[in-house]
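Asks: The structure under discussion is supplied below as C-alpha coordinates; questions concerning it will follow.
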Amino acid sequence: MSDSFESFSIHATTTSHAGRGLVARVFNSGFKEAHDTYNGLSIASDGRVYYVLCSTSIDFGGRVFRYDPRTDTLDCLGDLTEMCGEKDRRTVPQGKSHVLFYEYQGKLYFSTHAGYYNMVDGMERMATEVPPGYHPYPGGHLLAYDLKSGQCEDLGLAPDGEAVLAMGMDTRRGAIYGITWPVGIFFCFDVASGTWRNLGPVSGQGESGSGTTYRVLCRSIPIDPETGVAYFTNPEGDIFYYEPGADRVARLVGEDMRKDYFGRYVPHDSGCMGYHWRQVIWHPQEKVFYGVHGNSGYLFRFDPRQPRIDVLERLTSGPSRRSGMGDQFSYGYLGFTLGPDGRTLYYLTGGPVYEQGRRVAGLNKVAMGMAKGVENLHLVTYDIPDGIYKDHGPVFYPDGGHPTYVNSIAVAPDRTVYTLARVTENGHTRTDLVQIAPPELKGTA
(Lines give C-alpha, C1' and ligand atoms only; values in the text may rest on other atoms or scores of the structure.)
Protein backbone atom coordinates (compact mmCIF):
# COMPACT_ATOMS: atom_id res chain seq x y z
CA MET A 1 0.00 0.00 0.00
CA SER A 2 1.34 3.45 -0.92
CA ASP A 3 2.57 5.52 2.05
CA SER A 4 0.52 8.50 0.86
CA PHE A 5 -2.82 6.79 1.39
CA GLU A 6 -4.57 5.61 4.53
CA SER A 7 -7.42 3.32 5.44
CA PHE A 8 -10.45 4.77 7.17
CA SER A 9 -13.84 3.85 8.59
CA ILE A 10 -17.01 4.75 6.75
CA HIS A 11 -19.96 6.73 7.98
CA ALA A 12 -23.08 6.52 5.82
CA THR A 13 -26.29 8.53 5.79
CA THR A 14 -29.32 6.39 6.61
CA THR A 15 -32.16 8.63 5.44
CA SER A 16 -34.96 6.49 3.97
CA HIS A 17 -36.82 7.05 0.73
CA ALA A 18 -38.98 3.98 1.08
CA GLY A 19 -41.70 3.71 -1.51
CA ARG A 20 -39.78 5.66 -4.13
CA GLY A 21 -37.53 2.80 -5.14
CA LEU A 22 -34.27 1.25 -3.98
CA VAL A 23 -32.10 3.33 -1.66
CA ALA A 24 -28.37 3.13 -2.31
CA ARG A 25 -25.61 3.70 0.18
CA VAL A 26 -22.95 6.17 -0.94
CA PHE A 27 -19.29 5.83 0.07
CA ASN A 28 -16.67 8.54 0.19
CA SER A 29 -13.35 7.12 -0.97
CA GLY A 30 -11.55 10.40 -0.35
CA PHE A 31 -10.78 11.04 -4.03
CA LYS A 32 -12.52 14.30 -4.81
CA GLU A 33 -11.35 14.41 -8.43
CA ALA A 34 -12.56 10.90 -9.31
CA HIS A 35 -14.06 10.60 -12.78
CA ASP A 36 -16.27 8.01 -14.52
CA THR A 37 -15.20 4.36 -14.37
CA TYR A 38 -16.31 1.69 -16.86
CA ASN A 39 -16.07 -1.86 -15.50
CA GLY A 40 -13.20 -1.41 -13.02
CA LEU A 41 -15.04 -3.22 -10.19
CA SER A 42 -14.84 -6.83 -8.95
CA ILE A 43 -15.19 -8.91 -5.79
CA ALA A 44 -12.22 -11.16 -5.03
CA SER A 45 -12.06 -14.47 -3.20
CA ASP A 46 -11.12 -12.64 0.00
CA GLY A 47 -14.62 -11.13 0.02
CA ARG A 48 -13.37 -7.60 -0.57
CA VAL A 49 -14.57 -5.22 -3.27
CA TYR A 50 -11.79 -3.91 -5.52
CA TYR A 51 -12.42 -0.89 -7.70
CA VAL A 52 -10.76 1.90 -9.66
CA LEU A 53 -11.69 5.56 -9.58
CA CYS A 54 -10.41 7.34 -12.67
CA SER A 55 -8.66 10.66 -13.25
CA THR A 56 -8.55 13.04 -16.20
CA SER A 57 -5.72 15.12 -14.70
CA ILE A 58 -2.30 15.62 -16.28
CA ASP A 59 -0.76 15.55 -12.79
CA PHE A 60 -1.98 12.30 -11.20
CA GLY A 61 -3.43 8.96 -12.19
CA GLY A 62 -6.46 6.96 -11.26
CA ARG A 63 -6.49 5.16 -7.94
CA VAL A 64 -7.21 1.61 -6.86
CA PHE A 65 -9.37 1.05 -3.78
CA ARG A 66 -10.50 -1.87 -1.65
CA TYR A 67 -13.64 -2.08 0.46
CA ASP A 68 -13.98 -4.73 3.16
CA PRO A 69 -17.67 -5.33 4.02
CA ARG A 70 -16.75 -7.30 7.15
CA THR A 71 -14.99 -4.35 8.79
CA ASP A 72 -16.76 -1.63 6.80
CA THR A 73 -13.46 0.02 5.92
CA LEU A 74 -11.89 1.37 2.75
CA ASP A 75 -8.23 1.31 1.70
CA CYS A 76 -6.60 3.17 -1.15
CA LEU A 77 -4.07 0.74 -2.61
CA GLY A 78 -2.29 3.30 -4.72
CA ASP A 79 -2.06 5.51 -7.79
CA LEU A 80 -2.09 3.66 -11.12
CA THR A 81 0.84 5.69 -12.43
CA GLU A 82 2.92 4.78 -9.41
CA MET A 83 1.91 1.12 -9.71
CA CYS A 84 3.25 1.20 -13.28
CA GLY A 85 6.62 2.58 -12.10
CA GLU A 86 6.09 5.95 -13.80
CA LYS A 87 6.02 8.26 -10.79
CA ASP A 88 7.81 11.61 -11.41
CA ARG A 89 8.36 10.84 -15.11
CA ARG A 90 5.89 13.60 -16.04
CA THR A 91 4.29 11.53 -18.74
CA VAL A 92 0.54 11.55 -19.37
CA PRO A 93 -0.65 9.55 -16.33
CA GLN A 94 -2.29 6.16 -16.18
CA GLY A 95 -5.61 7.83 -15.55
CA LYS A 96 -8.01 4.94 -15.96
CA SER A 97 -8.64 1.25 -15.79
CA HIS A 98 -11.74 0.21 -17.70
CA VAL A 99 -11.50 -3.56 -17.19
CA LEU A 100 -12.56 -6.07 -14.56
CA PHE A 101 -10.15 -7.58 -12.03
CA TYR A 102 -9.40 -11.22 -12.88
CA GLU A 103 -8.16 -13.51 -10.13
CA TYR A 104 -5.51 -16.08 -10.97
CA GLN A 105 -3.17 -17.90 -8.56
CA GLY A 106 -3.65 -15.44 -5.73
CA LYS A 107 -3.31 -12.28 -7.80
CA LEU A 108 -5.70 -9.80 -9.39
CA TYR A 109 -4.88 -8.99 -13.02
CA PHE A 110 -6.02 -5.76 -14.65
CA SER A 111 -4.81 -3.08 -17.06
CA THR A 112 -4.48 0.68 -17.49
CA HIS A 113 -5.74 3.35 -19.85
CA ALA A 114 -5.05 7.03 -20.45
CA GLY A 115 -7.32 9.62 -18.85
CA TYR A 116 -5.90 12.86 -20.21
CA TYR A 117 -6.86 13.53 -23.84
CA ASN A 118 -6.85 16.10 -26.59
CA MET A 119 -10.35 16.94 -27.81
CA VAL A 120 -10.57 17.11 -31.61
CA ASP A 121 -13.93 17.81 -33.26
CA GLY A 122 -15.69 16.73 -30.09
CA MET A 123 -13.82 13.42 -29.93
CA GLU A 124 -11.34 12.18 -27.34
CA ARG A 125 -7.96 11.59 -28.96
CA MET A 126 -4.69 10.30 -27.53
CA ALA A 127 -2.86 13.38 -26.24
CA THR A 128 -0.11 14.39 -28.67
CA GLU A 129 -0.17 17.98 -27.40
CA VAL A 130 0.77 18.16 -23.73
CA PRO A 131 1.74 21.07 -21.45
CA PRO A 132 5.40 22.16 -21.38
CA GLY A 133 7.53 19.84 -19.29
CA TYR A 134 5.25 16.83 -19.85
CA HIS A 135 5.67 13.87 -22.17
CA PRO A 136 3.16 11.82 -24.20
CA TYR A 137 1.40 8.76 -22.87
CA PRO A 138 3.86 5.81 -22.61
CA GLY A 139 1.20 3.13 -23.19
CA GLY A 140 -1.12 1.03 -21.07
CA HIS A 141 0.22 -1.61 -18.69
CA LEU A 142 -0.85 -5.01 -17.49
CA LEU A 143 -0.68 -5.23 -13.70
CA ALA A 144 -0.88 -8.03 -11.12
CA TYR A 145 -1.84 -7.25 -7.51
CA ASP A 146 -0.90 -9.91 -4.94
CA LEU A 147 -3.82 -10.40 -2.55
CA LYS A 148 -1.60 -11.57 0.32
CA SER A 149 1.46 -9.34 0.10
CA GLY A 150 -0.27 -6.26 -1.27
CA GLN A 151 2.51 -5.83 -3.84
CA CYS A 152 1.69 -4.77 -7.39
CA GLU A 153 3.74 -6.15 -10.29
CA ASP A 154 4.08 -4.40 -13.63
CA LEU A 155 3.86 -7.00 -16.42
CA GLY A 156 4.74 -4.63 -19.24
CA LEU A 157 3.39 -2.27 -21.89
CA ALA A 158 0.66 -2.89 -24.44
CA PRO A 159 1.67 -2.88 -28.13
CA ASP A 160 2.63 0.34 -29.93
CA GLY A 161 2.18 2.61 -26.92
CA GLU A 162 -1.58 2.13 -27.00
CA ALA A 163 -3.86 2.20 -23.97
CA VAL A 164 -5.76 -0.95 -22.98
CA LEU A 165 -9.48 -0.51 -23.61
CA ALA A 166 -10.86 -4.03 -23.16
CA MET A 167 -9.44 -7.11 -21.47
CA GLY A 168 -10.44 -10.66 -20.76
CA MET A 169 -8.53 -13.41 -18.98
CA ASP A 170 -8.52 -17.17 -19.24
CA THR A 171 -8.04 -17.94 -15.55
CA ARG A 172 -7.49 -21.64 -16.22
CA ARG A 173 -4.55 -21.15 -18.57
CA GLY A 174 -3.17 -17.82 -17.39
CA ALA A 175 -3.74 -16.05 -20.70
CA ILE A 176 -4.75 -12.39 -21.00
CA TYR A 177 -6.43 -10.95 -24.09
CA GLY A 178 -6.91 -7.28 -24.84
CA ILE A 179 -7.97 -4.66 -27.34
CA THR A 180 -6.05 -1.40 -27.34
CA TRP A 181 -7.17 2.19 -27.79
CA PRO A 182 -7.39 4.08 -30.05
CA VAL A 183 -6.31 1.87 -32.97
CA GLY A 184 -7.80 -1.39 -31.71
CA ILE A 185 -4.92 -3.90 -31.67
CA PHE A 186 -5.82 -7.34 -30.39
CA PHE A 187 -3.09 -8.84 -28.21
CA CYS A 188 -2.51 -11.78 -25.92
CA PHE A 189 -0.16 -12.17 -22.96
CA ASP A 190 0.96 -15.42 -21.37
CA VAL A 191 1.46 -15.01 -17.63
CA ALA A 192 3.77 -18.00 -17.17
CA SER A 193 6.25 -17.06 -19.90
CA GLY A 194 5.71 -13.30 -19.88
CA THR A 195 5.42 -13.28 -23.67
CA TRP A 196 3.23 -10.98 -25.77
CA ARG A 197 1.58 -11.68 -29.08
CA ASN A 198 0.45 -8.77 -31.28
CA LEU A 199 -2.34 -9.81 -33.67
CA GLY A 200 -2.73 -6.35 -35.22
CA PRO A 201 -5.74 -4.04 -35.63
CA VAL A 202 -9.08 -5.80 -35.68
CA SER A 203 -11.52 -3.07 -36.72
CA GLY A 204 -10.15 -0.76 -39.41
CA GLN A 205 -8.59 2.34 -37.90
CA GLY A 206 -10.61 1.87 -34.73
CA GLU A 207 -11.33 4.98 -32.72
CA SER A 208 -8.31 6.73 -34.21
CA GLY A 209 -10.22 7.01 -37.50
CA SER A 210 -12.47 9.86 -38.57
CA GLY A 211 -15.51 10.05 -40.79
CA THR A 212 -16.09 6.80 -42.63
CA THR A 213 -12.82 5.29 -41.27
CA TYR A 214 -14.00 5.49 -37.66
CA ARG A 215 -14.93 2.22 -35.91
CA VAL A 216 -16.04 2.03 -32.30
CA LEU A 217 -14.22 -0.80 -30.51
CA CYS A 218 -15.54 -3.80 -28.59
CA ARG A 219 -15.57 -3.43 -24.80
CA SER A 220 -16.05 -7.07 -23.80
CA ILE A 221 -13.77 -10.06 -24.59
CA PRO A 222 -15.46 -13.16 -23.14
CA ILE A 223 -13.49 -16.41 -22.98
CA ASP A 224 -14.79 -19.95 -23.17
CA PRO A 225 -12.86 -21.59 -20.31
CA GLU A 226 -13.46 -25.05 -21.77
CA THR A 227 -11.56 -24.27 -24.97
CA GLY A 228 -9.62 -21.13 -24.11
CA VAL A 229 -11.09 -19.37 -27.15
CA ALA A 230 -11.62 -15.60 -26.84
CA TYR A 231 -14.43 -13.77 -28.68
CA PHE A 232 -15.16 -10.17 -29.64
CA THR A 233 -17.26 -8.22 -32.15
CA ASN A 234 -17.03 -5.30 -34.57
CA PRO A 235 -19.68 -2.61 -35.23
CA GLU A 236 -20.65 -4.34 -38.48
CA GLY A 237 -21.89 -7.22 -36.35
CA ASP A 238 -19.26 -9.83 -37.15
CA ILE A 239 -18.10 -12.09 -34.34
CA PHE A 240 -14.39 -12.87 -34.21
CA TYR A 241 -12.50 -15.46 -32.22
CA TYR A 242 -8.94 -16.26 -31.27
CA GLU A 243 -7.74 -19.78 -30.55
CA PRO A 244 -4.79 -20.08 -28.13
CA GLY A 245 -1.50 -20.18 -29.99
CA ALA A 246 -2.93 -19.10 -33.35
CA ASP A 247 -1.20 -16.50 -35.49
CA ARG A 248 -4.37 -14.61 -36.38
CA VAL A 249 -7.93 -13.90 -35.35
CA ALA A 250 -10.73 -15.41 -37.43
CA ARG A 251 -14.30 -14.44 -38.22
CA LEU A 252 -16.97 -16.79 -36.90
CA VAL A 253 -18.87 -18.39 -39.78
CA GLY A 254 -22.55 -19.18 -39.41
CA GLU A 255 -23.63 -16.58 -36.84
CA ASP A 256 -23.40 -12.83 -36.24
CA MET A 257 -24.90 -9.93 -34.27
CA ARG A 258 -26.89 -8.45 -37.15
CA LYS A 259 -30.36 -9.00 -35.70
CA ASP A 260 -33.43 -7.01 -36.74
CA TYR A 261 -34.42 -6.72 -33.08
CA PHE A 262 -31.12 -4.99 -32.30
CA GLY A 263 -31.81 -2.20 -34.80
CA ARG A 264 -30.00 -0.87 -37.87
CA TYR A 265 -26.62 0.82 -37.63
CA VAL A 266 -23.97 2.54 -39.70
CA PRO A 267 -20.55 1.04 -38.82
CA HIS A 268 -18.71 4.38 -38.71
CA ASP A 269 -21.25 6.06 -36.39
CA SER A 270 -19.33 7.30 -33.35
CA GLY A 271 -22.50 7.95 -31.35
CA CYS A 272 -23.39 4.31 -30.74
CA MET A 273 -21.86 0.84 -30.44
CA GLY A 274 -23.43 -0.40 -33.66
CA TYR A 275 -24.00 -4.16 -33.67
CA HIS A 276 -21.36 -4.74 -30.98
CA TRP A 277 -22.33 -6.67 -27.92
CA ARG A 278 -21.90 -4.47 -24.88
CA GLN A 279 -21.20 -6.92 -22.06
CA VAL A 280 -20.94 -10.72 -22.22
CA ILE A 281 -20.43 -13.25 -19.42
CA TRP A 282 -19.83 -17.02 -19.30
CA HIS A 283 -22.38 -19.34 -17.70
CA PRO A 284 -20.35 -22.25 -16.25
CA GLN A 285 -23.25 -24.69 -15.86
CA GLU A 286 -24.77 -24.23 -19.31
CA LYS A 287 -21.37 -23.66 -20.95
CA VAL A 288 -22.70 -20.78 -23.03
CA PHE A 289 -22.42 -16.99 -22.99
CA TYR A 290 -25.10 -14.51 -21.96
CA GLY A 291 -24.82 -10.97 -23.20
CA VAL A 292 -26.52 -7.66 -23.77
CA HIS A 293 -26.66 -5.69 -26.99
CA GLY A 294 -26.09 -2.24 -25.59
CA ASN A 295 -28.06 0.04 -27.86
CA SER A 296 -31.25 -2.04 -27.93
CA GLY A 297 -30.94 -3.54 -24.45
CA TYR A 298 -31.77 -7.05 -25.68
CA LEU A 299 -30.52 -10.04 -23.72
CA PHE A 300 -29.14 -12.90 -25.80
CA ARG A 301 -27.69 -16.36 -25.33
CA PHE A 302 -24.65 -17.29 -27.43
CA ASP A 303 -23.65 -20.92 -27.83
CA PRO A 304 -20.27 -20.85 -29.62
CA ARG A 305 -20.34 -24.57 -30.39
CA GLN A 306 -23.44 -24.43 -32.61
CA PRO A 307 -22.75 -21.49 -33.28
CA ARG A 308 -26.07 -19.86 -32.39
CA ILE A 309 -27.48 -16.70 -30.83
CA ASP A 310 -30.94 -16.75 -29.25
CA VAL A 311 -32.52 -13.38 -28.49
CA LEU A 312 -34.35 -13.81 -25.18
CA GLU A 313 -35.79 -10.62 -23.72
CA ARG A 314 -35.54 -6.86 -23.80
CA LEU A 315 -33.69 -6.31 -20.53
CA THR A 316 -34.27 -2.57 -20.30
CA SER A 317 -36.19 -1.01 -17.40
CA GLY A 318 -39.96 -1.27 -17.16
CA PRO A 319 -40.47 2.44 -17.98
CA SER A 320 -38.19 2.08 -21.02
CA ARG A 321 -40.12 -0.94 -22.26
CA ARG A 322 -43.42 0.89 -21.87
CA SER A 323 -42.18 4.04 -23.57
CA GLY A 324 -40.75 2.09 -26.49
CA MET A 325 -37.81 4.48 -26.64
CA GLY A 326 -34.11 3.85 -26.42
CA ASP A 327 -32.23 4.72 -23.24
CA GLN A 328 -30.10 7.81 -22.83
CA PHE A 329 -26.60 6.35 -22.60
CA SER A 330 -25.48 6.13 -26.21
CA TYR A 331 -23.32 3.01 -25.85
CA GLY A 332 -25.63 1.01 -23.58
CA TYR A 333 -24.62 -0.32 -20.17
CA LEU A 334 -21.74 -2.49 -18.94
CA GLY A 335 -23.31 -3.28 -15.54
CA PHE A 336 -24.34 -6.84 -16.40
CA THR A 337 -23.27 -9.99 -14.55
CA LEU A 338 -24.27 -13.44 -13.32
CA GLY A 339 -25.25 -13.58 -9.66
CA PRO A 340 -23.80 -15.93 -7.02
CA ASP A 341 -26.72 -18.38 -7.33
CA GLY A 342 -25.66 -19.22 -10.90
CA ARG A 343 -29.16 -18.60 -12.26
CA THR A 344 -29.86 -14.86 -11.85
CA LEU A 345 -28.58 -12.19 -14.19
CA TYR A 346 -28.19 -8.69 -12.74
CA TYR A 347 -28.35 -5.59 -14.91
CA LEU A 348 -28.03 -1.90 -14.06
CA THR A 349 -29.74 0.05 -16.81
CA GLY A 350 -31.38 3.39 -17.53
CA GLY A 351 -34.98 4.46 -17.22
CA PRO A 352 -36.73 7.57 -18.53
CA VAL A 353 -37.57 10.44 -16.23
CA TYR A 354 -41.09 11.87 -16.39
CA GLU A 355 -42.16 15.40 -15.52
CA GLN A 356 -45.87 16.18 -15.32
CA GLY A 357 -46.58 12.87 -17.03
CA ARG A 358 -44.32 13.50 -20.00
CA ARG A 359 -41.04 11.75 -20.74
CA VAL A 360 -38.05 14.07 -20.58
CA ALA A 361 -36.38 13.71 -23.98
CA GLY A 362 -32.63 14.00 -24.47
CA LEU A 363 -30.46 14.84 -27.44
CA ASN A 364 -31.10 12.97 -30.68
CA LYS A 365 -27.39 12.49 -31.33
CA VAL A 366 -24.07 12.63 -29.52
CA ALA A 367 -20.59 12.32 -31.01
CA MET A 368 -19.25 9.73 -28.58
CA GLY A 369 -20.27 7.43 -25.74
CA MET A 370 -22.14 9.66 -23.33
CA ALA A 371 -25.58 10.27 -21.88
CA LYS A 372 -27.99 12.05 -24.24
CA GLY A 373 -30.06 13.28 -21.31
CA VAL A 374 -31.20 12.69 -17.75
CA GLU A 375 -32.34 9.23 -16.69
CA ASN A 376 -32.95 7.11 -13.61
CA LEU A 377 -30.92 4.02 -12.76
CA HIS A 378 -32.88 0.75 -12.50
CA LEU A 379 -31.83 -2.64 -11.18
CA VAL A 380 -33.20 -5.44 -13.36
CA THR A 381 -32.83 -9.18 -12.76
CA TYR A 382 -33.54 -12.12 -15.03
CA ASP A 383 -34.01 -15.68 -13.77
CA ILE A 384 -32.47 -17.86 -16.48
CA PRO A 385 -34.18 -21.25 -15.88
CA ASP A 386 -37.68 -19.77 -15.55
CA GLY A 387 -37.22 -16.81 -17.88
CA ILE A 388 -38.52 -14.34 -15.27
CA TYR A 389 -37.75 -10.67 -15.82
CA LYS A 390 -38.08 -8.25 -12.90
CA ASP A 391 -37.47 -4.52 -12.67
CA HIS A 392 -36.75 -3.81 -9.00
CA GLY A 393 -37.34 -0.12 -9.51
CA PRO A 394 -35.28 3.05 -9.69
CA VAL A 395 -32.27 3.57 -7.43
CA PHE A 396 -32.00 6.71 -5.31
CA TYR A 397 -29.42 8.19 -3.00
CA PRO A 398 -30.48 8.96 0.58
CA ASP A 399 -30.78 12.65 -0.31
CA GLY A 400 -33.16 11.87 -3.18
CA GLY A 401 -30.60 12.17 -5.97
CA HIS A 402 -29.95 9.32 -8.38
CA PRO A 403 -26.81 7.54 -9.64
CA THR A 404 -25.67 8.47 -13.15
CA TYR A 405 -23.01 7.28 -15.60
CA VAL A 406 -23.24 3.74 -14.23
CA ASN A 407 -21.25 1.16 -16.21
CA SER A 408 -20.04 -1.34 -13.62
CA ILE A 409 -21.43 -4.01 -11.33
CA ALA A 410 -20.34 -6.62 -8.81
CA VAL A 411 -22.65 -8.86 -6.78
CA ALA A 412 -21.49 -10.23 -3.42
CA PRO A 413 -22.32 -13.76 -2.16
CA ASP A 414 -25.13 -12.24 -0.05
CA ARG A 415 -26.52 -10.61 -3.24
CA THR A 416 -25.52 -7.08 -2.23
CA VAL A 417 -24.96 -5.10 -5.43
CA TYR A 418 -22.02 -2.72 -5.87
CA THR A 419 -21.45 -0.18 -8.60
CA LEU A 420 -19.57 3.04 -9.38
CA ALA A 421 -21.54 6.18 -10.12
CA ARG A 422 -21.49 9.94 -10.08
CA VAL A 423 -22.31 11.45 -6.69
CA THR A 424 -23.07 15.13 -6.07
CA GLU A 425 -22.55 16.45 -2.55
CA ASN A 426 -22.25 20.09 -1.48
CA GLY A 427 -22.33 21.20 -5.08
CA HIS A 428 -19.40 18.99 -6.17
CA THR A 429 -19.66 15.88 -8.34
CA ARG A 430 -17.30 12.93 -8.13
CA THR A 431 -17.49 9.22 -8.99
CA ASP A 432 -17.55 6.80 -6.06
CA LEU A 433 -18.56 3.40 -4.75
CA VAL A 434 -22.29 2.76 -4.30
CA GLN A 435 -23.97 -0.15 -2.51
CA ILE A 436 -27.49 -1.45 -3.19
CA ALA A 437 -29.16 -3.84 -0.74
CA PRO A 438 -29.92 -7.38 -1.98
CA PRO A 439 -33.04 -7.39 -4.18
CA GLU A 440 -35.87 -9.84 -3.60
CA LEU A 441 -35.63 -12.74 -6.02
CA LYS A 442 -37.68 -15.82 -6.64
CA GLY A 443 -37.60 -17.97 -3.51
CA THR A 444 -36.05 -15.27 -1.31
CA ALA A 445 -37.61 -13.37 1.56
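In the C-alpha coordinates, the first chain shown is A, the next is B, and so on; residue numbers restart at 1 for each chain, and ligands run from 1 in the order shown.
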Just want the 8 Å neighbourhood of range 332-336 of chain A, counted on only C-alpha atoms, with same-chain residues fewer than 4 positions away dropped. Output as a PyMOL selection string.
Replies: chain A and resi 38-39+273+278-280+291-297+327+345-349+406-409+419
Asks: Skip Asn198 in chain A itself and residues of its chain fewer than 2 positions away, then list as a ChimeraX atom specification all residues within 7 Å of it, counting only C-alpha atoms.
Replies: /A:159,186-188,196,200
Asks: Would you export the selected residues with N, CA and C atoms as a PDB file, in the first residue's frame, please?
Replies:
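File again-v9.pdb, as written:
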```pdb
ATOM      1  N   PRO A 159       1.003  -3.144 -26.848  1.00  0.00           N
ATOM      2  CA  PRO A 159       1.671  -2.876 -28.128  1.00  0.00           C
ATOM      3  C   PRO A 159       1.536  -1.436 -28.593  1.00  0.00           C
ATOM      4  N   PHE A 186      -5.515  -6.193 -31.236  1.00  0.00           N
ATOM      5  CA  PHE A 186      -5.816  -7.343 -30.393  1.00  0.00           C
ATOM      6  C   PHE A 186      -4.494  -7.991 -29.984  1.00  0.00           C
ATOM      7  N   PHE A 187      -4.325  -8.236 -28.687  1.00  0.00           N
ATOM      8  CA  PHE A 187      -3.087  -8.839 -28.209  1.00  0.00           C
ATOM      9  C   PHE A 187      -3.388  -9.947 -27.213  1.00  0.00           C
ATOM     10  N   CYS A 188      -2.412 -10.784 -26.981  1.00  0.00           N
ATOM     11  CA  CYS A 188      -2.506 -11.778 -25.916  1.00  0.00           C
ATOM     12  C   CYS A 188      -1.198 -11.785 -25.128  1.00  0.00           C
ATOM     13  N   TRP A 196       4.324 -11.687 -25.123  1.00  0.00           N
ATOM     14  CA  TRP A 196       3.232 -10.976 -25.767  1.00  0.00           C
ATOM     15  C   TRP A 196       3.069 -11.470 -27.197  1.00  0.00           C
ATOM     16  N   GLY A 200      -2.423  -7.454 -34.327  1.00  0.00           N
ATOM     17  CA  GLY A 200      -2.726  -6.353 -35.215  1.00  0.00           C
ATOM     18  C   GLY A 200      -4.118  -5.764 -35.024  1.00  0.00           C
TER      19      GLY A 200
END
```
Asks: Let me make sure I understand: among A:Leu77, A:Arg251, A:Leu199, A:Ser208, which one has the smallest atom-to-atom distance to Ala127 in chain A if we use only C-alpha atoms?
Replies: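 Using only C-alpha atoms, the shortest distance to Ala127 in chain A belongs to A:Ser208.
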Asks: Using the chain letters and numbers from this document, which residues of range 318-399 of chain A does DSSP assign to alpha helix (DSSP H), as a count of residues only?
Replies: 6
Asks: Report, in Å with one decimal, the straight-line distance from CA of Thr81 in chain A to CA of Gly369 in chain A.
Replies: 25.0 Å
